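S.K.: Just final_33.csv, nothing more (CSV, C-alpha atoms):
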chain,number,residue,atom,x,y,z
A,1,MET,CA,136.5,53.1,97.7
A,2,THR,CA,137.9,51.7,94.5
A,3,SER,CA,134.6,52.3,92.7
A,4,GLN,CA,134.5,55.9,94.0
A,5,LEU,CA,138.0,56.5,92.5
A,6,ASP,CA,136.9,54.9,89.3
A,7,THR,CA,133.9,57.1,89.1
A,8,ARG,CA,135.9,60.2,89.8
A,9,TRP,CA,138.4,59.3,87.1
A,10,GLN,CA,135.7,58.5,84.6
A,11,ALA,CA,133.9,61.8,85.4
A,12,LYS,CA,137.2,63.7,85.0
A,13,ALA,CA,138.0,61.9,81.8
A,14,LEU,CA,134.5,62.6,80.4
A,15,TYR,CA,134.7,66.3,81.4
A,16,GLU,CA,138.2,66.8,80.0
A,17,ALA,CA,137.4,65.1,76.8
A,18,HIS,CA,134.3,67.2,76.1
A,19,ALA,CA,134.7,70.4,78.0
A,20,VAL,CA,136.0,72.4,75.1
A,21,PRO,CA,133.4,71.3,72.6
A,22,LEU,CA,130.7,71.8,75.2
A,23,VAL,CA,131.9,75.4,75.8
A,24,HIS,CA,131.9,76.0,72.0
A,25,PHE,CA,128.4,74.5,71.8
A,26,ALA,CA,127.2,76.8,74.7
A,27,ALA,CA,128.9,79.8,73.1
A,28,THR,CA,126.8,79.3,70.0
A,29,VAL,CA,123.6,79.0,72.1
A,30,VAL,CA,124.1,81.6,74.8
A,31,GLY,CA,126.9,83.7,73.5
A,32,SER,CA,130.6,83.9,74.2
A,33,ALA,CA,130.6,85.6,77.5
A,34,ASP,CA,128.4,83.2,79.5
A,35,ALA,CA,129.3,79.9,77.7
A,36,GLU,CA,131.9,78.7,80.2
A,37,ASP,CA,129.8,79.6,83.2
A,38,VAL,CA,126.9,77.5,81.8
A,39,VAL,CA,129.1,74.5,81.2
A,40,ALA,CA,130.8,74.8,84.6
A,41,SER,CA,127.5,74.9,86.4
A,42,VAL,CA,126.3,71.8,84.6
A,43,ALA,CA,129.5,70.0,85.2
A,44,ALA,CA,129.6,70.9,88.9
A,45,ARG,CA,126.0,69.8,89.3
A,46,LEU,CA,126.1,66.6,87.4
A,47,LEU,CA,129.6,65.0,87.5
A,48,PRO,CA,129.7,64.4,91.2
A,49,THR,CA,126.4,62.7,91.1
A,50,ASN,CA,127.4,60.1,88.6
A,51,LYS,CA,124.3,60.7,86.6
A,52,ALA,CA,126.1,61.5,83.3
A,53,LEU,CA,128.2,58.3,83.6
A,54,GLN,CA,125.1,56.2,84.1
A,55,ALA,CA,123.4,57.6,81.1
A,56,ARG,CA,123.1,55.5,77.9
A,57,ASP,CA,125.1,58.1,76.0
A,58,PRO,CA,127.0,60.2,78.5
A,59,VAL,CA,128.2,62.7,75.9
A,60,ALA,CA,124.7,63.3,74.6
A,61,TYR,CA,123.5,63.6,78.2
A,62,LEU,CA,126.0,66.4,78.8
A,63,TYR,CA,125.0,68.2,75.6
A,64,ARG,CA,121.3,68.1,76.5
A,65,ALA,CA,122.1,69.2,80.0
A,66,VAL,CA,124.1,72.2,78.7
A,67,LEU,CA,121.3,73.0,76.3
A,68,ASN,CA,118.8,73.0,79.1
A,69,ALA,CA,121.0,75.1,81.3
A,70,ALA,CA,121.4,77.5,78.4
A,71,ARG,CA,117.7,77.7,78.1
A,72,SER,CA,117.4,78.6,81.7
A,73,HIS,CA,120.1,81.1,81.3
A,74,LEU,CA,118.4,82.8,78.4
A,75,ARG,CA,115.0,82.7,80.1
A,76,SER,CA,116.1,85.3,82.6
A,77,ALA,CA,114.1,88.5,81.9
A,78,GLY,CA,117.0,90.8,82.7
A,79,ARG,CA,119.4,89.0,80.5
A,80,ARG,CA,116.8,88.8,77.8
A,81,ALA,CA,116.2,92.5,77.9
A,82,GLU,CA,119.9,93.3,77.8
A,83,ARG,CA,120.5,90.8,75.0
A,84,GLU,CA,117.7,92.3,72.9
A,85,ARG,CA,119.1,95.7,73.4
A,86,ARG,CA,122.5,94.6,72.4
A,87,ALA,CA,121.1,92.7,69.4
A,88,SER,CA,119.3,95.7,68.1
A,89,LEU,CA,122.4,97.7,68.3
A,90,ASP,CA,124.5,95.1,66.6
A,91,ARG,CA,121.9,94.6,63.9
A,92,SER,CA,121.9,98.3,63.0
A,93,ASN,CA,125.7,98.3,63.0
A,94,ALA,CA,125.9,95.2,60.9
A,95,HIS,CA,123.6,96.6,58.2
A,96,ALA,CA,126.0,99.4,57.9
A,97,HIS,CA,129.0,97.1,57.5
A,98,GLN,CA,127.4,94.8,54.9
A,99,TYR,CA,127.4,91.0,55.4
A,100,ALA,CA,130.0,89.8,53.0
A,101,PRO,CA,133.3,89.1,54.7
A,102,THR,CA,136.2,90.9,53.4
A,103,ALA,CA,139.4,89.3,52.3
A,104,SER,CA,141.6,91.8,54.0
A,105,GLY,CA,140.2,91.6,57.6
A,106,PRO,CA,138.2,89.4,60.0
A,107,GLY,CA,134.9,90.7,58.6
A,108,PRO,CA,131.9,92.1,60.2
A,109,ASP,CA,130.5,90.8,63.5
A,110,LEU,CA,128.1,88.0,62.5
A,111,SER,CA,127.5,86.4,65.8
A,112,PHE,CA,124.4,88.6,66.4
A,113,ALA,CA,122.8,86.7,63.5
A,114,LEU,CA,122.5,83.7,65.6
A,115,ASP,CA,120.4,85.6,68.1
A,116,ALA,CA,117.7,85.6,65.5
A,117,LEU,CA,117.4,81.8,65.8
A,118,THR,CA,115.7,79.8,68.4
A,119,THR,CA,117.7,77.9,71.0
A,120,ARG,CA,117.0,74.6,69.4
A,121,GLN,CA,117.9,76.0,65.9
A,122,ARG,CA,121.2,77.3,67.3
A,123,ALA,CA,122.0,74.0,68.8
A,124,VAL,CA,121.3,72.2,65.5
A,125,VAL,CA,123.2,74.7,63.5
A,126,HIS,CA,126.2,74.3,65.8
A,127,LEU,CA,126.3,70.5,65.6
A,128,VAL,CA,125.8,70.4,61.9
A,129,TYR,CA,128.0,73.3,60.8
A,130,TRP,CA,130.7,73.3,63.5
A,131,GLU,CA,131.0,69.8,64.7
A,132,GLN,CA,129.9,68.5,61.3
A,133,LEU,CA,127.6,65.8,62.6
A,134,THR,CA,125.1,64.2,60.3
A,135,GLY,CA,121.4,64.6,60.7
A,136,ALA,CA,121.1,61.3,62.5
A,137,GLU,CA,124.1,62.0,64.8
A,138,THR,CA,122.6,65.4,65.6
A,139,ALA,CA,119.3,63.9,66.4
A,140,ASP,CA,120.9,61.4,68.8
A,141,ARG,CA,122.9,64.1,70.5
A,142,LEU,CA,119.9,66.3,71.1
A,143,GLY,CA,117.4,63.5,71.7
A,144,ILE,CA,115.1,64.6,68.9
A,145,SER,CA,114.1,63.0,65.6
A,146,GLU,CA,116.0,63.3,62.4
A,147,GLY,CA,113.1,65.0,60.8
A,148,SER,CA,113.1,67.6,63.5
A,149,VAL,CA,116.8,68.3,62.8
A,150,ARG,CA,116.0,68.9,59.2
A,151,THR,CA,113.1,71.2,60.0
A,152,HIS,CA,115.2,73.2,62.5
A,153,LEU,CA,118.0,73.5,60.0
A,154,ALA,CA,115.8,74.6,57.2
A,155,ARG,CA,114.1,77.2,59.3
A,156,ALA,CA,117.4,78.5,60.6
A,157,LYS,CA,118.7,78.9,57.1
A,158,GLN,CA,115.5,80.7,56.1
A,159,THR,CA,115.9,83.1,59.0
A,160,MET,CA,119.5,83.7,58.1
A,161,ARG,CA,118.6,84.3,54.5
A,162,GLU,CA,116.0,86.8,55.4
A,163,LEU,CA,118.4,88.5,57.7
A,164,ILE,CA,121.0,88.8,55.0
A,165,ASN,CA,118.7,90.0,52.4
A,166,GLY,CA,117.4,92.6,54.7
B,167,MET,CA,123.1,81.6,47.8
B,168,ALA,CA,123.0,78.4,49.9
B,169,ASP,CA,126.8,78.3,50.1
B,170,GLU,CA,126.9,82.0,51.2
B,171,ILE,CA,124.5,81.3,54.0
B,172,ASP,CA,126.5,78.3,55.1
B,173,ASP,CA,129.6,80.3,55.2
B,174,LEU,CA,128.1,83.2,57.1
B,175,THR,CA,126.6,80.7,59.6
B,176,ARG,CA,130.0,79.1,60.1
B,177,GLN,CA,131.6,82.5,60.5
B,178,ALA,CA,129.0,83.5,63.1
B,179,ILE,CA,129.6,80.3,65.1
B,180,ALA,CA,133.4,80.8,64.7
B,181,GLN,CA,133.2,84.3,66.2
B,182,ARG,CA,131.2,83.1,69.2
B,183,VAL,CA,133.5,80.1,69.7
B,184,ALA,CA,136.6,82.3,69.4
B,185,GLY,CA,135.2,84.7,72.0
B,186,SER,CA,134.5,82.1,74.6
B,187,ARG,CA,136.7,81.3,77.6
B,188,ALA,CA,138.6,78.1,78.1
B,189,PRO,CA,136.8,75.6,80.4
B,190,ARG,CA,138.0,75.6,84.0
B,191,PRO,CA,139.8,72.5,85.3
B,192,TYR,CA,137.9,69.6,86.6
B,193,GLU,CA,139.4,70.0,90.1
B,194,ALA,CA,137.8,73.4,90.4
B,195,LEU,CA,134.3,71.8,89.8
B,196,GLU,CA,134.6,68.9,92.2
B,197,HIS,CA,133.1,70.8,95.1
B,198,GLY,CA,129.8,70.9,93.4
B,199,ALA,CA,127.7,74.0,92.7
B,200,ASP,CA,129.8,76.2,95.1
B,201,ALA,CA,132.6,76.1,92.6
B,202,THR,CA,130.6,78.2,90.1
B,203,ALA,CA,129.0,80.5,92.6
B,204,PRO,CA,131.4,83.4,92.4
B,205,GLN,CA,131.0,83.6,88.6
B,206,ARG,CA,127.3,83.1,88.7
B,207,TRP,CA,126.7,85.8,91.3
B,208,ARG,CA,128.3,88.7,89.5
B,209,PHE,CA,126.6,92.0,89.9
B,210,PRO,CA,126.8,94.4,87.0
B,211,PRO,CA,128.7,97.6,87.7
B,212,MET,CA,126.3,100.3,88.9
B,213,SER,CA,126.2,103.7,87.2
B,214,SER,CA,126.1,106.8,89.3
B,215,GLU,CA,122.4,107.2,88.3
B,216,HIS,CA,121.7,103.8,89.8
B,217,THR,CA,123.6,104.6,92.9
B,218,GLN,CA,121.7,107.9,93.4
B,219,ARG,CA,118.4,106.2,92.8
B,220,GLY,CA,119.2,103.5,95.3
B,221,ALA,CA,120.3,106.0,97.9
B,222,LEU,CA,117.1,108.0,97.4
B,223,ILE,CA,114.9,104.9,97.8
B,224,ALA,CA,116.8,103.9,100.9
B,225,ALA,CA,116.4,107.4,102.4
B,226,ILE,CA,112.7,107.4,101.7
B,227,ALA,CA,112.3,104.0,103.3
B,228,ALA,CA,114.2,105.0,106.4
B,229,VAL,CA,112.1,108.2,106.9
B,230,THR,CA,108.9,106.2,106.4
B,231,LEU,CA,110.0,103.7,109.0
B,232,LEU,CA,110.8,106.4,111.4
B,233,VAL,CA,107.5,108.1,111.0
B,234,VAL,CA,105.5,104.9,111.2
B,235,GLY,CA,107.5,103.7,114.2
B,236,GLY,CA,107.0,107.0,116.0
B,237,LEU,CA,103.3,107.0,115.5
B,238,ALA,CA,103.1,103.4,116.6
B,239,ALA,CA,105.1,104.1,119.7
B,240,GLY,CA,103.0,107.2,120.5
B,241,SER,CA,99.8,105.2,120.2
B,242,ILE,CA,101.2,102.4,122.4
B,243,PHE,CA,102.8,104.4,125.2
B,244,GLY,CA,100.7,107.5,125.2
B,245,ARG,CA,97.3,105.9,125.5
B,246,ASP,CA,97.7,103.6,128.5
B,247,ARG,CA,95.9,105.9,131.0
B,248,PRO,CA,92.1,105.6,131.3
B,249,SER,CA,91.7,109.4,131.6
B,250,ASP,CA,93.4,109.8,128.2
B,251,LEU,CA,91.1,107.3,126.7
B,252,ALA,CA,88.1,108.9,128.2
B,253,ALA,CA,89.1,112.3,126.9
B,254,ASP,CA,89.6,111.0,123.5
B,255,SER,CA,86.4,109.1,123.4
B,256,ASP,CA,84.0,111.9,124.2
B,257,GLY,CA,86.1,114.9,123.6
B,258,VAL,CA,85.6,116.2,127.2
B,259,GLU,CA,88.7,116.8,129.3
B,260,THR,CA,88.4,114.9,132.6
B,261,THR,CA,89.9,115.5,136.0
B,262,PRO,CA,90.9,112.8,138.4
B,263,VAL,CA,88.3,112.3,141.2
B,264,PRO,CA,89.7,111.5,144.7
B,265,VAL,CA,88.6,108.1,146.0
B,266,PRO,CA,87.7,107.8,149.7
B,267,ASP,CA,89.7,105.4,151.7
B,268,SER,CA,86.6,103.5,152.8
B,269,VAL,CA,85.8,102.7,149.2
B,270,ARG,CA,89.3,101.6,148.5
B,271,SER,CA,89.4,99.2,151.4
B,272,THR,CA,86.0,97.8,150.7
B,273,THR,CA,86.9,97.0,147.1
B,274,THR,CA,89.8,94.9,148.3
B,275,LEU,CA,87.7,92.9,150.7
B,276,PHE,CA,84.6,92.2,148.7
B,277,ARG,CA,84.8,88.8,147.2
B,278,PRO,CA,82.1,87.3,145.0
B,279,VAL,CA,83.0,83.8,146.2
B,280,GLU,CA,80.5,83.4,149.0
B,281,THR,CA,77.1,85.0,149.3
B,282,THR,CA,77.6,85.1,153.1
B,283,LEU,CA,80.5,87.5,152.8
B,284,GLU,CA,80.2,91.0,154.0
B,285,PRO,CA,82.6,93.9,153.7
B,286,ILE,CA,84.8,94.0,156.8
B,287,ASP,CA,86.5,96.8,158.6
B,288,ASP,CA,89.6,98.6,157.5
B,289,GLU,CA,91.7,97.2,160.2
B,290,VAL,CA,91.4,93.6,159.0
B,291,VAL,CA,94.5,92.6,157.2
B,292,VAL,CA,95.8,89.4,155.8
B,293,SER,CA,96.3,86.7,158.4
B,294,THR,CA,99.6,85.1,159.0
B,295,GLU,CA,98.3,83.0,161.8
B,296,PRO,CA,98.9,79.3,161.7
B,297,GLY,CA,96.0,76.9,161.7
B,298,VAL,CA,94.0,78.8,159.1
B,299,THR,CA,94.8,78.1,155.5
B,300,ASN,CA,94.2,80.6,152.8
B,301,PRO,CA,92.6,79.3,149.7
B,302,PRO,CA,94.9,79.5,146.7
B,303,GLY,CA,95.1,82.8,145.0
B,304,ASP,CA,93.2,84.8,147.6
B,305,PRO,CA,95.2,85.7,150.8
B,306,ASN,CA,92.3,87.7,152.2
B,307,LEU,CA,90.0,84.7,152.7
B,308,GLY,CA,90.3,82.0,155.3
B,309,LEU,CA,88.8,78.5,155.0
B,310,TYR,CA,87.2,77.5,158.3
B,311,THR,CA,86.0,73.9,158.9
B,312,ILE,CA,83.0,74.2,161.2
B,313,GLU,CA,82.1,71.0,163.1
B,314,TYR,CA,78.4,70.8,164.2
B,315,ARG,CA,76.5,68.5,166.5
B,316,CYS,CA,72.8,68.0,166.4
B,317,GLU,CA,70.5,66.9,169.1
B,318,SER,CA,70.1,63.4,167.6
B,319,GLY,CA,73.8,63.0,168.0
B,320,SER,CA,74.7,63.3,164.3
B,321,THR,CA,77.7,65.4,163.5
B,322,GLY,CA,79.2,66.8,160.4
B,323,SER,CA,81.3,69.7,159.1
B,324,ILE,CA,80.8,72.7,156.9
B,325,GLU,CA,83.5,74.6,155.2
B,326,VAL,CA,83.0,78.3,155.4
B,327,LEU,CA,85.1,80.8,153.5
B,328,VAL,CA,85.3,84.0,155.4
B,329,PRO,CA,87.4,87.1,155.5
B,330,PHE,CA,89.6,86.9,158.5
B,331,GLY,CA,92.4,88.6,160.2
B,332,ARG,CA,93.5,89.6,163.6
B,333,VAL,CA,92.7,92.5,165.9
B,334,GLU,CA,95.4,94.8,167.2
B,335,THR,CA,95.9,93.0,170.5
B,336,PRO,CA,97.8,89.7,170.0
B,337,GLY,CA,96.0,86.9,171.8
B,338,VAL,CA,92.5,88.0,171.2
B,339,VAL,CA,92.4,86.8,167.7
B,340,ILE,CA,89.0,85.9,166.4
B,341,THR,CA,87.4,88.7,164.5
B,342,ILE,CA,83.8,89.7,164.9
B,343,PRO,CA,83.0,89.7,161.2
B,344,ALA,CA,84.5,86.3,161.0
B,345,ALA,CA,82.5,84.9,163.8
B,346,ASP,CA,79.4,86.5,162.4
B,347,ASP,CA,80.1,85.0,159.0
B,348,ILE,CA,80.6,81.6,160.5
B,349,GLY,CA,77.3,81.8,162.4
B,350,ALA,CA,75.4,83.1,159.4
B,351,ALA,CA,76.9,80.4,157.2
B,352,VAL,CA,75.9,77.6,159.6
B,353,ASN,CA,72.4,79.0,160.2
B,354,THR,CA,71.9,79.3,156.4
B,355,GLU,CA,73.1,75.8,155.8
B,356,SER,CA,70.7,74.3,158.5
B,357,PRO,CA,72.8,71.1,158.7
B,358,CYS,CA,70.6,69.6,161.4
B,359,THR,CA,67.4,69.5,159.4
B,360,GLY,CA,65.6,66.3,160.3
B,361,ALA,CA,68.1,65.5,163.1
B,362,GLY,CA,66.8,67.7,165.8
B,363,PRO,CA,67.9,71.2,166.6
B,364,LEU,CA,71.5,72.3,166.4
B,365,ILE,CA,73.4,71.9,169.7
B,366,GLU,CA,76.7,73.5,169.1
B,367,ILE,CA,79.4,74.3,166.6
B,368,THR,CA,83.2,74.0,167.0
B,369,PHE,CA,86.0,75.2,164.9
B,370,ASP,CA,89.8,75.7,165.2
B,371,THR,CA,91.4,79.1,165.0
B,372,ALA,CA,94.6,80.6,166.3
B,373,CYS,CA,95.5,82.2,169.6
B,374,GLY,CA,98.9,83.6,168.9
B,375,SER,CA,101.0,80.7,167.7
B,376,GLU,CA,98.7,78.2,169.4
B,377,ILE,CA,95.7,76.6,167.7
B,378,ARG,CA,92.6,76.5,169.9
B,379,MET,CA,89.2,75.1,169.4
B,380,VAL,CA,86.3,77.5,169.7
B,381,ARG,CA,83.0,76.1,170.8
B,382,ILE,CA,79.8,78.1,170.4
B,383,ALA,CA,76.6,76.7,171.9
B,384,ALA,CA,73.5,77.0,169.8
B,385,VAL,CA,70.5,79.0,171.1
B,386,ASP,CA,67.1,77.7,170.0
B,387,GLY,CA,68.8,75.6,167.3
B,388,ALA,CA,70.8,78.4,165.8
B,389,VAL,CA,74.2,79.9,166.2
B,390,PRO,CA,73.7,83.2,168.2
B,391,ASP,CA,75.1,86.5,167.1
B,392,VAL,CA,78.5,86.7,168.5
B,393,ALA,CA,79.5,90.2,169.4
B,394,THR,CA,82.9,89.3,170.6
B,395,LEU,CA,84.7,86.2,171.3
B,396,ASP,CA,87.9,85.9,173.3
B,397,ILE,CA,89.3,82.6,172.2
B,398,CYS,CA,92.4,82.8,174.3
B,399,GLU,CA,90.7,83.1,177.7
Could you rewrite the structure in this file as structure tokens?
M.R.:
Amino acid sequence: MTSQLDTRWQAKALYEAHAVPLVHFAATVVGSADAEDVVASVAARLLPTNKALQARDPVAYLYRAVLNAARSHLRSAGRRAERERRASLDRSNAHAHQYAPTASGPGPDLSFALDALTTRQRAVVHLVYWEQLTGAETADRLGISEGSVRTHLARAKQTMRELING
Amino acid sequence: MADEIDDLTRQAIAQRVAGSRAPRPYEALEHGADATAPQRWRFPPMSSEHTQRGALIAAIAAVTLLVVGGLAAGSIFGRDRPSDLAADSDGVETTPVPVPDSVRSTTTLFRPVETTLEPIDDEVVVSTEPGVTNPPGDPNLGLYTIEYRCESGSTGSIEVLVPFGRVETPGVVITIPAADDIGAAVNTESPCTGAGPLIEITFDTACGSEIRMVRIAAVDGAVPDVATLDICE
């Protein structure tokens, strides 16, 4: 009984400490609208089973689980078609707006630019640019090599550069 | 250029992060996957075009089911009569042919169980007399156990399955066809071969509610033709 309570409190502490960053991470990967749903589905599935707590790095385990759930989410054909339709609309609008942010306002909608990246590239970009992790930390978090992190980051930048230059 | 890309990337991430909802409390997730079911099972709002298309598809499906169901019901309930099937098979319309009563009664009394059986008269009906057991599944047949005695003293029994019944007058029970069948069965069997000629046969049958033994003496080693037999005398 005591161990069950301990497990529950550990799971709750783990979730509450990392739920917000996980939702932000999911937002970068799948978009703002579905990010919380993806994290909630992962948490509801994993936390009661104690799997995350038994992992060598529980935080990294949750990030990878969210990334996998995000992949499944994006794999849906219907969602993909809708997303591509919206992305094409946003892209045409953004070219009309220019890319450079303006000092007077919030600037053009740039979130569509992330759609041009692969899922893994979005995850790497988020951890490096938003959570400001090093290459090694990013590699540990995603369970990939540091060289892969550098490769994904370089290709993501190249894609963004091509997008900006038209 | 590199700084510009970094800034734009950060801005893109910031826009996505800013647009995301706050995570739900842990307590809402403790019941497992059900906690997220309502949000995961959202249906997009249907436009009027989608609604009309859905209604049209449903209507077509309903009409198709009705037509197919009607055809299936017609084929099942409308083709169960042989005359209908015959008319369909050769295209000639047929009319029912009246069947004589004699043919009808004969068909109910012919049984391919025993080669000794013969069609019996119309008045023969199913026996309810005690002492004679009907074989399972065929109330029109009676199983007689015929005891025989040969000249050498050897005895035995033969089971003969015969049509049986009762004549109108209660008390005079044994039927002529039954007696004939019994005699014919015994003569065909020739149970006394090698033991001298047949002396007599005996069997039990009913006289009203009383069981009586019938004894028929053999003539020249064979059961004679029995025209009539009053077993109650």
S.K.: Which residue gives the smallest distance to Leu114 in chain A among B:Gln181, B:Ala239, B:Thr230, B:Asp169, with all atoms listed in the file counted?
M.R.: B:Gln181
S.K.: Just want the 9 Å neighbourhood of Gly143 in chain A, counted on only C-alpha atoms, with same-chain residues fewer than 5 positions away dropped. Output as a ChimeraX atom specification.
M.R.: /A:60-61,64,138
S.K.: Grab the CA of Thr151 in chain A to CA of Leu110 in chain A distance for me, in Å with one decimal place.
M.R.: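 Straight-line distance from CA of Thr151 in chain A to CA of Leu110 in chain A works out to 22.7 Å.
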S.K.: For CA of Val38 in chain A and CA of Arg86 in chain A, quote the distance in Å rounded to one decimal.
M.R.: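 For CA of Val38 in chain A relative to CA of Arg86 in chain A, the distance reads 20.0 Å.
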S.K.: Could you check which of B:Glu366, B:Glu193, B:Asp347, B:Asp172 is closest to Tyr314 in chain B, using only C-alpha atoms?
M.R.: B:Glu366
S.K.: Distance cut-off 9 Å, counting all atoms listed in the file - which residues of chain A neighbour chain B? Return them as a ChimeraX atom specification.
M.R.: /A:11-12,15-16,19-20,22-28,31-48,99-101,109-114,125-126,129-130,157,160-161,164
S.K.: Using CA of Glu131 in chain A and CA of Asp6 in chain A as the two end points, give the distance in Å to one decimal.
M.R.: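 Computed distance, CA of Glu131 in chain A to CA of Asp6 in chain A, equals 29.4 Å.
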S.K.: Closest to Thr118 in chain A among A:Arg56, A:Arg141, A:Arg71, A:Arg8, using all atoms listed in the file?
M.R.: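 So, comparing all the options, the nearest one is A:Arg71.
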